[in-house]
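Working notes for the structure below.
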Amino acid sequence: MKLNIYKTEKELLSAFADYFTATAKKFISESGIFNVVLSGGNSPKKLFELLASASFNTKIDWTKLFFFFVDERCVPENDSENNAHMVQQILFNPLHISPNNIFKIDTALPPNEAAAQYMEVIKNHFKGNALHFDLIVLGLGDNSHTASLFPYQPVLTETSATVKEVFLPEENRYRVTLTAPLINAAHHIAFLVYGKGKAEAVRHVLKDDTDIQKFPAQLIQPISGDLQWFLDEAAASDL
């Protein structure tokens with residue numbers, strides 16, 4: 001694991017965009033494509049805005065990227081809380097990404113069917129090869145969750161590299177998420193976390209004794225891949 005700490009949010013986002021670009025170029029040069037898994041939320045939103053900006057939008061051959069989602073709220077596709085809807089507006093539309101390169105979770109289906117179908121979509125894309133995404137971009141919640149791996153949920157003990165539905169009583173709705181074993185199979189995993197409000201969660205995940213029920217992001221430990229945390233000084237202030 002590598003910690004990358006930057007003085008300001010702006011410096012952090014620029015560094016992460018550089019990392020994203022370099023990683024994409026590496027895989028495109030080696031295999032011709034780049035399979036990347038995105039997260040929703042406010043932190044990645046600013047990253048996507050930067051990637052779509054004039055500073056970065058010509059640095060990658062975007063036609064070689066295939067986009068997946070680490071999780072999704074079970075809300076209509078055009079709902080403002082739908083992760084894919086946000087990314088569509090902020091990143092895909094400005095870059096004119098082909099729909100053939102975007103794999104969204106079908107929230108029109110019942111949650112268990114949406115999870116099962118998404119797993120089939122992933123398997124079909126990899127054409128029988130091992131399910132190793134090239135890069136998974138993760139955020140971190142105030143309660144130390146990542147993806148839709150929330151504290152004290154049954155999905156935390158899932159041992160299969162798959163996609164599962166998760167019911168959150170506090171939201172009174174379902175989500176669909178990649179499981180920790182599927183995330184941990186990736187070649188590269190990168191957390192993007194900034195702001196003083198995240199400092200306690202960062203400390204719990206990185207410094208406290210292991211307790212995956214309380215601090216689910218501790219589950220993210222790549223099998224053989226690279227794990228990096230990108231933090232600003234505010235988010236790292238309790239380390």
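In the structure tokens, chains take letters A, B, ... by order of appearance, with residues numbered from 1 within each chain and ligands from 1 in the order shown.
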How close does segment 59-86 of chain A get to segment 133-150 of chain A? List, as JSON lines, each residue of segment 59-86 of chain A within 12 Å, its nearest atom pair and the distance in Å to one decimal, counting only C-alpha atoms.
```
{"residue": "A:Leu65", "atom": "CA", "partner": "A:Asp134", "partner_atom": "CA", "distance": 10.4}
{"residue": "A:Phe66", "atom": "CA", "partner": "A:Phe133", "partner_atom": "CA", "distance": 10.0}
{"residue": "A:Phe67", "atom": "CA", "partner": "A:Ile136", "partner_atom": "CA", "distance": 10.0}
{"residue": "A:Phe68", "atom": "CA", "partner": "A:Ile136", "partner_atom": "CA", "distance": 9.0}
{"residue": "A:Phe69", "atom": "CA", "partner": "A:Ile136", "partner_atom": "CA", "distance": 8.8}
{"residue": "A:Val70", "atom": "CA", "partner": "A:Ala147", "partner_atom": "CA", "distance": 5.8}
{"residue": "A:Asp71", "atom": "CA", "partner": "A:Ala147", "partner_atom": "CA", "distance": 5.6}
{"residue": "A:Glu72", "atom": "CA", "partner": "A:Ser148", "partner_atom": "CA", "distance": 7.8}
{"residue": "A:Arg73", "atom": "CA", "partner": "A:Ser148", "partner_atom": "CA", "distance": 8.7}
{"residue": "A:Cys74", "atom": "CA", "partner": "A:Ser148", "partner_atom": "CA", "distance": 11.5}
{"residue": "A:Asn83", "atom": "CA", "partner": "A:Ala147", "partner_atom": "CA", "distance": 11.1}
```
Pull C-alpha atoms from the residues just selected and write them as a short mmCIF file (atom, residue, chain, number, x, y, z; two decimals), in the first residue's frame.
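Generated output (out_14.cif):
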```
data_model
loop_
_atom_site.label_atom_id
_atom_site.label_comp_id
_atom_site.auth_asym_id
_atom_site.auth_seq_id
_atom_site.Cartn_x
_atom_site.Cartn_y
_atom_site.Cartn_z
CA LEU A 65 -11.75 2.62 -22.15
CA PHE A 66 -14.51 0.39 -20.85
CA PHE A 67 -16.38 1.74 -17.83
CA PHE A 68 -18.02 -0.20 -15.01
CA PHE A 69 -19.50 0.86 -11.65
CA VAL A 70 -18.47 -0.35 -8.22
CA ASP A 71 -21.99 0.09 -6.87
CA GLU A 72 -25.34 1.67 -7.54
CA ARG A 73 -28.40 2.85 -5.65
CA CYS A 74 -31.57 1.08 -6.71
CA ASN A 83 -24.29 7.07 -9.78
#
```
Pick out the residues sitting within 9 Å of Leu91 of chain A, and hand them over as a list in words; count only C-alpha atoms, and ignore anything fewer than 4 positions along from it in its own chain. Lys45, Phe48, Glu49, Leu50, Leu51, Ala52, Met86, Val87, Leu95, His96 and Ile97 of chain A
Tell me, which residues of segment 20-119 of chain A carry DSSP strand (DSSP E or B), written as a PyMOL selection string? chain A and resi 34-38+65-69+71-73+102
Please produce an output containing N, CA and C atoms for each residue in the selection, written as a PDB file, in the first residue's frame.
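This is the output file again.pdb:
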```
ATOM      1  N   PHE A  34      -8.569  -0.535 -21.589  1.00  0.00           N
ATOM      2  CA  PHE A  34      -8.437  -0.208 -20.168  1.00  0.00           C
ATOM      3  C   PHE A  34      -9.797  -0.397 -19.524  1.00  0.00           C
ATOM      4  N   ASN A  35      -9.895  -1.361 -18.609  1.00  0.00           N
ATOM      5  CA  ASN A  35     -11.137  -1.661 -17.905  1.00  0.00           C
ATOM      6  C   ASN A  35     -11.125  -0.979 -16.547  1.00  0.00           C
ATOM      7  N   VAL A  36     -11.965   0.040 -16.388  1.00  0.00           N
ATOM      8  CA  VAL A  36     -11.939   0.850 -15.177  1.00  0.00           C
ATOM      9  C   VAL A  36     -13.301   0.830 -14.499  1.00  0.00           C
ATOM     10  N   VAL A  37     -13.278   0.761 -13.174  1.00  0.00           N
ATOM     11  CA  VAL A  37     -14.502   0.759 -12.372  1.00  0.00           C
ATOM     12  C   VAL A  37     -14.578   2.075 -11.615  1.00  0.00           C
ATOM     13  N   LEU A  38     -15.703   2.776 -11.758  1.00  0.00           N
ATOM     14  CA  LEU A  38     -15.873   4.094 -11.157  1.00  0.00           C
ATOM     15  C   LEU A  38     -16.801   4.051  -9.947  1.00  0.00           C
ATOM     16  N   LEU A  65     -11.341   2.832 -23.532  1.00  0.00           N
ATOM     17  CA  LEU A  65     -11.750   2.617 -22.146  1.00  0.00           C
ATOM     18  C   LEU A  65     -13.112   1.961 -22.075  1.00  0.00           C
ATOM     19  N   PHE A  66     -13.236   1.023 -21.146  1.00  0.00           N
ATOM     20  CA  PHE A  66     -14.512   0.389 -20.846  1.00  0.00           C
ATOM     21  C   PHE A  66     -14.831   0.662 -19.382  1.00  0.00           C
ATOM     22  N   PHE A  67     -16.012   1.219 -19.145  1.00  0.00           N
ATOM     23  CA  PHE A  67     -16.382   1.739 -17.827  1.00  0.00           C
ATOM     24  C   PHE A  67     -17.406   0.846 -17.126  1.00  0.00           C
ATOM     25  N   PHE A  68     -17.109   0.544 -15.877  1.00  0.00           N
ATOM     26  CA  PHE A  68     -18.022  -0.198 -15.007  1.00  0.00           C
ATOM     27  C   PHE A  68     -18.263   0.627 -13.745  1.00  0.00           C
ATOM     28  N   PHE A  69     -19.168   0.145 -12.886  1.00  0.00           N
ATOM     29  CA  PHE A  69     -19.496   0.860 -11.649  1.00  0.00           C
ATOM     30  C   PHE A  69     -19.338  -0.070 -10.452  1.00  0.00           C
ATOM     31  N   ASP A  71     -20.707   0.306  -7.537  1.00  0.00           N
ATOM     32  CA  ASP A  71     -21.991   0.095  -6.867  1.00  0.00           C
ATOM     33  C   ASP A  71     -23.016   1.046  -7.464  1.00  0.00           C
ATOM     34  N   GLU A  72     -24.260   0.823  -7.060  1.00  0.00           N
ATOM     35  CA  GLU A  72     -25.344   1.669  -7.544  1.00  0.00           C
ATOM     36  C   GLU A  72     -26.508   1.642  -6.570  1.00  0.00           C
ATOM     37  N   ARG A  73     -27.155   2.786  -6.414  1.00  0.00           N
ATOM     38  CA  ARG A  73     -28.401   2.847  -5.653  1.00  0.00           C
ATOM     39  C   ARG A  73     -29.531   2.335  -6.536  1.00  0.00           C
ATOM     40  N   ILE A 102     -19.823   1.536 -22.005  1.00  0.00           N
ATOM     41  CA  ILE A 102     -20.328   1.849 -20.663  1.00  0.00           C
ATOM     42  C   ILE A 102     -21.225   0.712 -20.185  1.00  0.00           C
TER      43      ILE A 102
END
```
Among segment 95-173 of chain A, which ones does DSSP assign to alpha helix (DSSP H) (computed from the backbone)? Answer as a ChimeraX atom specification. /A:95,111-126
